$ cat coords.txt   # compact mmCIF, C-alpha atoms
# COMPACT_ATOMS: atom_id res chain seq x y z
CA MET O 115 -1.22 18.59 22.40
CA GLY O 116 -3.52 15.59 21.91
CA SER O 117 -6.18 17.55 20.04
CA PHE O 118 -3.50 19.19 17.89
CA VAL O 119 -2.10 15.80 16.87
CA LYS O 120 -5.62 14.53 16.15
CA GLU O 121 -6.44 17.54 13.99
CA GLU O 122 -3.09 17.31 12.21
CA THR O 123 -3.63 13.59 11.61
CA SER O 124 -7.11 13.96 10.16
CA SER O 125 -6.13 16.75 7.79
CA LEU O 126 -2.96 15.18 6.34
CA MET O 127 -4.57 13.29 3.48
CA THR O 128 -7.10 16.01 2.66
CA GLU O 129 -4.40 18.66 2.40
CA PHE O 130 -2.14 16.32 0.44
CA LEU O 131 -4.87 15.61 -2.11
CA GLU O 132 -5.50 19.34 -2.48
CA LYS O 133 -1.82 19.86 -3.26
CA CYS O 134 -1.97 17.06 -5.83
CA GLY O 135 -4.94 18.65 -7.57
CA GLY O 136 -7.62 16.45 -6.05
CA TYR O 137 -6.22 13.05 -7.03
CA ALA O 138 -2.97 11.23 -6.25
CA VAL O 139 -0.98 8.37 -7.73
CA VAL O 140 0.17 5.43 -5.60
CA ASP O 141 3.08 3.23 -6.66
CA GLY O 142 2.73 -0.30 -8.06
CA GLY O 143 3.82 -3.90 -7.63
CA PHE O 144 7.05 -4.28 -5.68
CA ALA O 145 8.08 -7.94 -5.62
CA THR O 146 7.93 -8.51 -9.37
CA GLU O 147 9.96 -5.36 -9.94
CA LEU O 148 12.61 -6.55 -7.49
CA GLN O 149 12.74 -9.83 -9.41
CA ARG O 150 13.06 -7.95 -12.69
CA HIS O 151 16.14 -6.25 -11.26
CA GLY O 152 17.63 -9.62 -10.30
CA ALA O 153 16.47 -10.18 -6.72
CA ASP O 154 15.77 -13.67 -5.42
CA ILE O 155 12.75 -13.37 -3.13
CA ASN O 156 11.75 -17.02 -2.90
CA ASP O 157 11.76 -16.76 0.87
CA PRO O 158 9.27 -16.47 3.76
CA LEU O 159 10.35 -12.82 4.04
CA TRP O 160 9.42 -12.26 0.38
CA SER O 161 10.32 -8.72 -0.74
CA ALA O 162 11.47 -7.84 2.80
CA LYS O 163 14.44 -10.15 2.23
CA CYS O 164 15.94 -7.41 0.06
CA LEU O 165 16.20 -5.11 3.06
CA ILE O 166 18.93 -7.51 4.18
CA THR O 167 20.48 -8.72 0.94
CA SER O 168 20.04 -5.96 -1.63
CA PRO O 169 18.74 -2.62 -0.32
CA HIS O 170 20.08 -0.92 -3.47
CA LEU O 171 17.42 -2.77 -5.47
CA VAL O 172 14.74 -1.51 -3.10
CA THR O 173 15.96 2.03 -3.79
CA LYS O 174 15.92 1.32 -7.52
CA VAL O 175 12.28 0.17 -7.51
CA HIS O 176 11.20 3.20 -5.47
CA LEU O 177 12.96 5.46 -7.98
CA ASP O 178 11.32 3.70 -10.93
CA TYR O 179 7.90 4.50 -9.47
CA LEU O 180 8.82 8.07 -8.63
CA GLU O 181 10.00 8.57 -12.21
CA SER O 182 6.65 7.16 -13.34
CA GLY O 183 4.68 9.82 -11.47
CA ALA O 184 3.89 8.30 -8.06
CA ASN O 185 2.86 10.68 -5.28
CA ILE O 186 2.88 7.95 -2.62
CA ILE O 187 5.65 5.39 -2.28
CA ILE O 188 5.16 2.44 0.02
CA THR O 189 8.03 0.91 1.99
CA ALA O 190 9.31 -2.64 1.49
CA SER O 191 8.08 -3.62 4.97
CA TYR O 192 4.87 -5.45 3.96
CA GLN O 193 6.31 -8.81 5.02
CA ALA O 194 8.96 -7.37 7.33
CA THR O 195 8.10 -8.52 10.83
CA ILE O 196 10.25 -8.79 13.93
CA GLN O 197 9.14 -12.41 14.28
CA GLY O 198 10.05 -13.18 10.67
CA PHE O 199 13.50 -11.61 10.91
CA VAL O 200 14.23 -13.39 14.20
CA ALA O 201 13.25 -16.70 12.56
CA LYS O 202 16.01 -15.97 10.01
CA GLY O 203 18.56 -15.68 12.81
CA LEU O 204 18.59 -11.93 13.39
CA SER O 205 18.37 -10.38 16.83
CA VAL O 206 15.32 -8.37 17.89
CA GLY O 207 17.46 -5.23 17.72
CA GLU O 208 18.58 -6.02 14.18
CA ALA O 209 15.00 -6.73 13.17
CA GLU O 210 13.81 -3.41 14.54
CA SER O 211 16.65 -1.62 12.75
CA LEU O 212 15.58 -3.18 9.43
CA LEU O 213 12.03 -1.90 9.92
CA ARG O 214 13.38 1.61 10.43
CA ARG O 215 15.72 1.12 7.48
CA SER O 216 12.78 0.34 5.18
CA VAL O 217 11.51 3.87 5.79
CA GLU O 218 14.96 5.47 5.53
CA ILE O 219 15.54 3.83 2.13
CA THR O 220 12.24 5.22 0.87
CA TYR O 221 13.09 8.73 2.05
CA GLU O 222 16.53 8.46 0.47
CA ALA O 223 14.93 7.48 -2.83
CA ARG O 224 12.65 10.50 -2.63
CA GLU O 225 15.61 12.82 -2.05
CA ILE O 226 17.53 11.26 -4.94
CA PHE O 227 14.49 11.79 -7.13
CA TYR O 228 14.07 15.41 -6.08
CA ASN O 229 17.75 16.03 -6.75
CA ARG O 230 17.45 14.51 -10.19
CA CYS O 231 14.43 16.56 -11.13
CA THR O 232 14.79 18.57 -14.27
CA LYS O 233 13.37 22.07 -14.42
CA GLY O 234 10.23 20.72 -16.10
CA SER O 235 9.61 18.31 -13.25
CA TRP O 236 9.53 21.18 -10.80
CA ASP O 237 6.74 23.01 -12.56
CA PHE O 238 4.07 21.76 -10.19
CA VAL O 239 1.74 24.60 -9.37
CA TYR O 240 -0.01 24.80 -6.01
CA ALA O 241 -1.63 27.96 -4.68
CA GLY O 242 -0.12 29.85 -7.60
CA LYS O 243 3.45 28.81 -6.79
CA ALA O 244 5.73 26.36 -8.59
CA SER O 245 6.95 23.65 -6.24
CA ARG O 246 8.19 20.09 -6.04
CA ARG O 247 5.72 17.30 -6.73
CA PRO O 248 4.09 16.29 -3.45
CA ILE O 249 5.35 12.86 -2.35
CA LEU O 250 4.42 10.97 0.82
CA VAL O 251 6.10 7.92 2.31
CA ALA O 252 3.79 5.16 3.57
CA ALA O 253 5.08 2.52 5.97
CA SER O 254 3.59 -0.80 4.88
CA VAL O 255 2.13 -3.29 7.34
CA GLY O 256 1.06 -6.63 5.93
CA SER O 257 -1.34 -9.02 7.60
CA TYR O 258 -0.58 -11.79 10.07
CA GLY O 259 -1.17 -14.19 7.20
CA ALA O 260 1.62 -12.54 5.20
CA TYR O 261 4.04 -13.40 8.02
CA LEU O 262 2.82 -17.00 8.05
CA ALA O 263 3.63 -17.19 4.31
CA ASP O 264 1.20 -20.08 3.93
CA GLY O 265 -1.41 -18.43 1.72
CA SER O 266 -3.66 -17.43 4.64
CA GLU O 267 -3.27 -13.75 3.77
CA TYR O 268 -5.46 -14.64 0.77
CA SER O 269 -8.03 -16.56 2.83
CA GLY O 270 -8.08 -14.60 6.10
CA ILE O 271 -8.46 -17.88 7.96
CA TYR O 272 -6.02 -17.94 10.86
CA GLY O 273 -7.67 -20.61 13.03
CA ASP O 274 -9.70 -20.44 16.21
CA SER O 275 -6.62 -19.99 18.38
CA VAL O 276 -5.85 -16.58 16.84
CA SER O 277 -7.86 -13.92 18.66
CA LYS O 278 -7.91 -10.15 18.32
CA GLU O 279 -5.50 -9.97 21.26
CA THR O 280 -3.16 -12.40 19.47
CA LEU O 281 -3.12 -10.11 16.45
CA LYS O 282 -2.59 -6.98 18.53
CA ASP O 283 0.35 -8.59 20.31
CA PHE O 284 1.81 -9.72 17.00
CA HIS O 285 1.61 -6.30 15.33
CA ARG O 286 2.16 -3.98 18.31
CA ARG O 287 5.92 -3.51 18.29
CA ARG O 288 6.18 -3.26 14.49
CA VAL O 289 3.48 -0.57 14.42
CA GLN O 290 5.21 1.35 17.21
CA ILE O 291 8.54 1.29 15.38
CA LEU O 292 7.11 2.31 12.02
CA ALA O 293 5.06 5.08 13.63
CA ASN O 294 8.27 6.57 14.99
CA SER O 295 10.39 5.97 11.90
CA GLY O 296 9.64 9.24 10.14
CA ALA O 297 7.05 7.85 7.73
CA ASP O 298 4.18 10.14 6.82
CA PHE O 299 1.58 7.48 7.54
CA ILE O 300 1.08 3.73 7.96
CA ALA O 301 -0.50 1.68 5.18
CA PHE O 302 -2.26 -1.38 6.59
CA GLU O 303 -2.55 -3.42 3.40
CA THR O 304 -4.35 -6.45 2.00
CA ILE O 305 -6.49 -6.83 5.14
CA PRO O 306 -8.30 -10.19 4.70
CA ASN O 307 -10.74 -10.18 7.61
CA LYS O 308 -12.66 -7.88 9.93
CA LEU O 309 -10.88 -9.17 13.04
CA GLU O 310 -7.49 -7.88 11.91
CA ALA O 311 -8.99 -4.49 11.01
CA GLU O 312 -10.39 -4.29 14.55
CA ALA O 313 -6.98 -5.21 15.95
CA TYR O 314 -5.30 -2.45 13.94
CA ALA O 315 -7.90 0.12 14.99
CA ASP O 316 -7.47 -0.83 18.64
CA LEU O 317 -3.69 -0.60 18.39
CA LEU O 318 -3.79 2.86 16.82
CA GLU O 319 -5.91 4.13 19.69
CA GLU O 320 -4.38 2.19 22.58
CA GLU O 321 -0.79 2.98 21.62
CA ASP O 322 -1.70 6.59 20.77
CA ILE O 323 0.02 6.29 17.42
CA ASN O 324 0.89 9.82 16.36
CA ILE O 325 0.79 9.44 12.58
CA PRO O 326 -2.28 8.64 10.47
CA ALA O 327 -3.04 5.41 8.64
CA TRP O 328 -5.01 3.99 5.79
CA PHE O 329 -6.79 0.64 5.85
CA SER O 330 -6.86 -1.25 2.56
CA PHE O 331 -8.87 -4.45 2.24
CA THR O 332 -8.78 -7.20 -0.35
CA SER O 333 -11.69 -8.97 -2.02
CA LYS O 334 -12.17 -11.95 -4.34
CA ASP O 335 -15.79 -11.26 -5.25
CA GLY O 336 -16.39 -7.52 -4.95
CA VAL O 337 -18.63 -7.96 -1.90
CA THR O 338 -16.69 -9.63 0.91
CA VAL O 339 -13.11 -9.86 2.15
CA PRO O 340 -11.51 -13.33 1.80
CA ARG O 341 -12.64 -14.48 5.26
CA GLY O 342 -16.24 -13.83 4.25
CA ASP O 343 -16.86 -10.62 6.21
CA SER O 344 -18.73 -7.89 4.36
CA VAL O 345 -16.45 -5.21 2.90
CA VAL O 346 -18.99 -2.65 4.10
CA GLU O 347 -18.74 -3.90 7.69
CA CYS O 348 -14.95 -3.87 7.48
CA ALA O 349 -15.02 -0.32 6.15
CA LYS O 350 -17.17 0.76 9.09
CA VAL O 351 -14.38 -0.36 11.42
CA ALA O 352 -11.91 1.82 9.53
CA ASP O 353 -14.29 4.76 9.28
CA SER O 354 -14.90 4.79 13.03
CA CYS O 355 -11.17 5.03 13.80
CA THR O 356 -10.09 8.67 14.03
CA LYS O 357 -6.50 7.81 13.07
CA VAL O 358 -7.59 6.39 9.70
CA VAL O 359 -7.45 9.04 6.97
CA ALA O 360 -8.21 6.90 3.91
CA ILE O 361 -9.94 3.59 3.25
CA GLY O 362 -9.58 1.37 0.24
CA ILE O 363 -9.01 -1.80 -1.68
CA ASN O 364 -5.81 -3.43 -2.94
CA CYS O 365 -4.65 -6.78 -4.35
CA THR O 366 -8.06 -7.27 -5.96
CA ALA O 367 -9.02 -7.86 -9.59
CA PRO O 368 -9.71 -4.56 -11.42
CA ARG O 369 -13.19 -5.71 -12.49
CA TYR O 370 -14.42 -5.59 -8.88
CA ILE O 371 -13.08 -2.15 -7.98
CA HIS O 372 -15.92 0.03 -9.27
CA ASP O 373 -18.61 -1.68 -7.20
CA LEU O 374 -16.34 -1.77 -4.17
CA ILE O 375 -15.79 1.99 -4.37
CA ILE O 376 -19.57 2.51 -4.43
CA SER O 377 -19.91 0.23 -1.39
CA LEU O 378 -17.19 2.10 0.51
CA ARG O 379 -18.69 5.45 -0.36
CA GLN O 380 -21.94 4.37 1.32
CA VAL O 381 -20.23 4.20 4.71
CA THR O 382 -17.40 6.74 4.63
CA ARG O 383 -16.57 10.27 3.58
CA LYS O 384 -12.87 9.62 3.95
CA PRO O 385 -10.74 9.52 0.78
CA ILE O 386 -10.84 6.18 -1.03
CA VAL O 387 -7.66 4.52 -2.26
CA VAL O 388 -7.63 1.76 -4.88
CA TYR O 389 -4.61 -0.18 -6.08
CA PRO O 390 -5.72 -3.44 -7.67
CA ASN O 391 -3.52 -6.19 -8.98
CA SER O 392 -3.26 -7.08 -12.66
CA GLY O 393 -6.35 -9.29 -12.53
CA GLU O 394 -4.40 -12.51 -12.18
CA ILE O 395 -5.17 -14.85 -9.30
CA TYR O 396 -2.51 -15.88 -6.79
CA ASP O 397 -2.25 -19.53 -5.81
CA GLY O 398 -0.96 -19.18 -2.25
CA LEU O 399 -0.18 -22.86 -1.79
CA ASN O 400 1.86 -23.25 -4.98
CA LYS O 401 3.08 -19.63 -4.84
CA LYS O 402 2.34 -18.75 -8.44
CA TRP O 403 0.07 -16.44 -10.41
CA ILE O 404 -2.72 -17.84 -12.57
CA LYS O 405 -3.80 -15.82 -15.57
CA SER O 406 -7.38 -14.57 -15.42
CA GLU O 407 -9.64 -14.65 -18.44
CA GLY O 408 -11.46 -11.57 -19.68
CA GLU O 409 -9.22 -8.86 -18.23
CA SER O 410 -6.59 -7.16 -20.35
CA GLU O 411 -3.92 -4.65 -19.45
CA GLU O 412 -5.74 -1.98 -21.45
CA ASP O 413 -8.79 -2.51 -19.25
CA PHE O 414 -6.86 -1.63 -16.11
CA VAL O 415 -6.06 1.92 -17.14
CA SER O 416 -9.37 2.47 -18.91
CA TYR O 417 -11.09 1.81 -15.58
CA VAL O 418 -9.27 4.65 -13.79
CA SER O 419 -11.58 7.44 -14.91
CA LYS O 420 -14.60 5.32 -13.93
CA TRP O 421 -13.10 4.70 -10.49
CA ARG O 422 -12.50 8.42 -10.14
CA ASP O 423 -16.09 9.18 -11.10
CA ALA O 424 -17.32 6.59 -8.60
CA GLY O 425 -15.57 8.44 -5.78
CA ALA O 426 -11.96 7.26 -5.45
CA SER O 427 -9.15 9.78 -4.94
CA LEU O 428 -5.94 7.73 -4.84
CA PHE O 429 -4.98 5.25 -7.57
CA GLY O 430 -2.15 2.80 -8.02
CA GLY O 431 -1.33 -0.84 -8.63
CA CYS O 432 -0.57 -3.92 -6.57
CA CYS O 433 0.82 -7.32 -7.57
CA ARG O 434 2.09 -7.73 -11.14
CA THR O 435 1.66 -4.08 -12.07
CA THR O 436 4.71 -2.10 -13.15
CA PRO O 437 6.05 1.45 -13.49
CA ASN O 438 4.45 1.52 -16.95
CA THR O 439 1.06 0.92 -15.34
CA ILE O 440 1.63 3.76 -12.89
CA ARG O 441 2.84 6.09 -15.65
CA ALA O 442 -0.36 5.40 -17.60
CA ILE O 443 -2.52 6.04 -14.51
CA ALA O 444 -0.73 9.34 -13.91
CA LYS O 445 -1.43 10.37 -17.51
CA VAL O 446 -5.13 9.57 -17.18
CA LEU O 447 -5.39 11.63 -14.00
CA SER O 448 -3.56 14.54 -15.60
CA GLY O 449 -5.88 14.45 -18.61
CA GLU O 450 -3.30 13.09 -21.05
CA SER O 451 -3.78 10.05 -23.25
CA PRO O 452 -2.16 6.96 -21.72
CA ALA O 453 -1.62 5.45 -25.19
CA ALA O 454 2.06 6.29 -25.18
CA SER O 455 2.53 4.40 -21.92
CA LYS O 456 0.51 1.23 -22.23
CA PRO O 457 0.79 -0.73 -18.98
CA LYS O 458 2.77 -3.93 -19.00
CA PHE O 459 2.09 -6.72 -16.54
CA ARG O 460 4.81 -9.16 -15.63
CA GLN O 461 4.58 -12.65 -17.05

$ encode --input "coords.txt" --output "structure tokens"
Amino acid sequence: MGSFVKEETSSLMTEFLEKCGGYAVVDGGFATELQRHGADINDPLWSAKCLITSPHLVTKVHLDYLESGANIIITASYQATIQGFVAKGLSVGEAESLLRRSVEITYEAREIFYNRCTKGSWDFVYAGKASRRPILVAASVGSYGAYLADGSEYSGIYGDSVSKETLKDFHRRRVQILANSGADFIAFETIPNKLEAEAYADLLEEEDINIPAWFSFTSKDGVTVPRGDSVVECAKVADSCTKVVAIGINCTAPRYIHDLIISLRQVTRKPIVVYPNSGEIYDGLNKKWIKSEGESEEDFVSYVSKWRDAGASLFGGCCRTTPNTIRAIAKVLSGESPAASKPKFRQ
């Protein structure tokens, strides 16, 4: 049974990409879309607050991205932690139920989308047969710093008292629950240091997690993760873990992505996923986005073909990107001109 699970795990992403035609589209920014629909997420739970207060808006954002062409939709659990929910007054049981609910909502959105599909939307050809567009559900796991909500997810500096064992203990139960929630895989996102990547890799092996994962790092300079560890060294941690089926970069300025893909390709043959932010810089202390000079919204989509040529297989957006961005990416990957769907970044 063990070898079967391992083989099944390792082949999931490869087979999925084959069904998608070699390349797949990931969804985009979540929090800003929730705000656009009226959600108040000024809270330590951030977008995860909506799992409690307005799950219908979570469904709406998932549907917006599915309508825009996404093949992978990521749950609203990035900042959903048992510890964070308990701090808000929920019981451990209620917190665990909300984690499971984040996956259920995503699956429900996928079913709504499939049911809405017009005949034209079903004309996806794989192996000579028309079928539904392949869509996977990824259970999001944010970093320890995301739970702290103090900006340390953007620095990777947790203090000397936080060891690898501390991080494993913090993440363990959440990972166990999400692994058994029905999600297709776990997306460990915005990893800001090598230590947390090692903690995730250990957990996947020690807990014998039976679904695959991807590891996605973040970088401010195109060479290192925020803590200062080499992206290449971090990628080696991910590459050596048999449960990891894709490695990538998210929440990073688009201008750094090309070189980062080349760096990742030096140390892994696993599929590479990239979903950068809009190019703006987040001020974690003041909790606001600062506009970056020299990077326009047209640049973002024009980069996609270059990222593909450099070796990436999965493409999407992170903070401040929208369904329009994802629609334009999907058009580039399908060979259409994205001109009719120029991406719009939230102000």

$ atom_distance --input "coords.txt" --atom1 "atom CA of Cys433 of chain O" --atom2 "atom CA of Pro368 of chain O"
11.5 Å

$ closest_residue --input "coords.txt" --among "O:Thr128, O:Asn229, O:Thr195, O:Thr280" --to "Ala260 of chain O" --atoms "only C-alpha atoms"
O:Thr195

$ atom_distance --input "coords.txt" --atom1 "atom CA of Gln193 of chain O" --atom2 "atom CA of Leu309 of chain O"
19.0 Å

$ residues_around --input "coords.txt" --residues "Pro158 of chain O" --least-positions-apart "3" --cutoff "9 Å" --atoms "all atoms listed in the file" --output "list in words"
Ile155, Ala162, Lys163, Gln193, Gly198, Ala260, Tyr261, Leu262, Ala263 and Asp264 of chain O

$ write_last_selection --input "coords.txt" --atoms "C-alpha atoms" --output "PDB file, in the coordinates of the input"
ATOM      1  CA  ILE O 155      12.750 -13.370  -3.130  1.00  0.00           C
ATOM      2  CA  ALA O 162      11.470  -7.840   2.800  1.00  0.00           C
ATOM      3  CA  LYS O 163      14.440 -10.150   2.230  1.00  0.00           C
ATOM      4  CA  GLN O 193       6.310  -8.810   5.020  1.00  0.00           C
ATOM      5  CA  GLY O 198      10.050 -13.180  10.670  1.00  0.00           C
ATOM      6  CA  ALA O 260       1.620 -12.540   5.200  1.00  0.00           C
ATOM      7  CA  TYR O 261       4.040 -13.400   8.020  1.00  0.00           C
ATOM      8  CA  LEU O 262       2.820 -17.000   8.050  1.00  0.00           C
ATOM      9  CA  ALA O 263       3.630 -17.190   4.310  1.00  0.00           C
ATOM     10  CA  ASP O 264       1.200 -20.080   3.930  1.00  0.00           C
TER      11      ASP O 264
END

$ closest_residue --input "coords.txt" --among "O:Ser275, O:Ser168, O:Asn438, O:Asn185" --to "Ala138 of chain O" --atoms "all atoms listed in the file"
O:Asn185

$ residues_near_point --input "coords.txt" --point "(-10.3, -1.5, -5.9)" --cutoff "12 Å" --atoms "only C-alpha atoms" --output "PyMOL selection string"
chain O and resi 304+330-337+339+345+361-378+386-393+414+417-418+420-422+424-432

$ closest_residue --input "coords.txt" --among "O:Gln197, O:Thr146, O:Asn307, O:Ser295" --to "Ser211 of chain O" --atoms "all atoms listed in the file"
O:Ser295
